[in-house]
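To start, the structure itself, in structure tokens.
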Amino acid sequence: MPLRFPARAALACLVLAGSVPCAHAEVASWYGPGFHGRRAADGSRFDQDALTAAHKTLPFGTRVRVTCAATGRSVVVRITDRGPFIAGRAIDLSRGAARAIGLSGVGRVHLAILG
């Protein structure tokens, strides 16, 4: 049964060092060109090629390991912005983070909060 709130889903996938990765898949998308150089919600300048992400509720600065279900590749991103603002999506990756895991468009990912 899917959880209704992304924060609950992310917390359900809390993974501490040395524990088993979560099996709950979330929907991710990416953003970049239209926002490059603009201020992110945390006050920093958004760099579409940096390893950052937007999440609706996780605190700014939280590090999250994002693993693409299709490719098995993962990347650690830092939460710097708010979003995604499309129903059913849990996280918006920067273009650089999406490229690092082979995500083009929208796809399933596993989230692990690192701190």
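Within each chain, counting starts at residue 1; across the structure tokens, chains are named A, B, ... in the order shown, with ligands numbered 1 upward in that order.
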Fewer than 6 positions away in the same chain doesn't count, so skip those; otherwise give me all residues within 7 Å of region 38-41 of chain A, counting only C-alpha atoms, as a list in words.
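Counting only C-alpha atoms, the residues come to Thr80, Asp81 and Arg82 of chain A.
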For the residues in that selection, give me C-alpha atoms as an mmCIF file, in the first residue's frame.
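Output contents, as saved in again-v4.cif:
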```cif
data_model
loop_
_atom_site.group_PDB
_atom_site.id
_atom_site.type_symbol
_atom_site.label_atom_id
_atom_site.label_comp_id
_atom_site.auth_asym_id
_atom_site.auth_seq_id
_atom_site.Cartn_x
_atom_site.Cartn_y
_atom_site.Cartn_z
ATOM 1 C CA THR A 80 18.514 22.417 -1.449
ATOM 2 C CA ASP A 81 15.049 23.117 -2.813
ATOM 3 C CA ARG A 82 11.325 22.408 -2.403
#
```
Give me, as number ranges by chain, the residues of region 21-108 of chain A that a backbone DSSP run labels alpha helix (DSSP H).
A: 95-101
Two-atom distance - CA of Gly37 (chain A), CA of Val76 (chain A) (Å)
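CA of Val76 (chain A) lies at a distance of 21.2 Å from CA of Gly37 (chain A).
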Considering only C-alpha atoms, can you say which of A:Gly72, A:Arg95, A:Val106, A:Thr67 comes closest to Gly34 (chain A)?
A:Arg95
Which one of A:Thr71, A:Gly61, A:Gly88, A:Gln48 sits closest to Ile101 (chain A) if you count only C-alpha atoms?
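Once distances to Ile101 (chain A) are computed over only C-alpha atoms, the minimum belongs to A:Thr71.
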Report, in Å to a single decimal, how far apart CA of Val77 (chain A) and CA of Ala100 (chain A) are.
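Value for the CA of Ala100 (chain A)-CA of Val77 (chain A) distance: 10.6 Å.
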Distance query Ala25 (chain A) at most 6 Å, only C-alpha atoms, self and fewer than 6 positions along chain excluded, as an NGL selection string:
:A and (108-110)
Suppose you want the space between CA of Glu26 (chain A) and CA of Ala50 (chain A); what is it in Å?
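Computed distance, CA of Glu26 (chain A) to CA of Ala50 (chain A), equals 21.4 Å.
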Using only C-alpha atoms, pick whichever of A:Leu58, A:Arg89, A:Ala70, A:Val64 has the shortest atom-to-atom distance to Leu111 (chain A).
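Checking each of A:Leu58, A:Arg89, A:Ala70, A:Val64 against Leu111 (chain A), counting only C-alpha atoms, the winner is A:Val64.
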Pick out the residues sitting within 6 Å of Thr52 (chain A), and hand them over as a PyMOL selection string; count only C-alpha atoms, and ignore anything fewer than 4 positions along from it in its own chain.
chain A and resi 77-79+94
Hey, which of A:His55, A:Cys68, A:Arg63, A:Arg45 ends up closest to Arg99 (chain A)? Count only C-alpha atoms.
A:Cys68
Per DSSP on the backbone, what are the strand (DSSP E) residues of region 4-115 of chain A, as number ranges by chain?
A: 25-31, 52-54, 63-68, 74-81, 91-94, 107-113
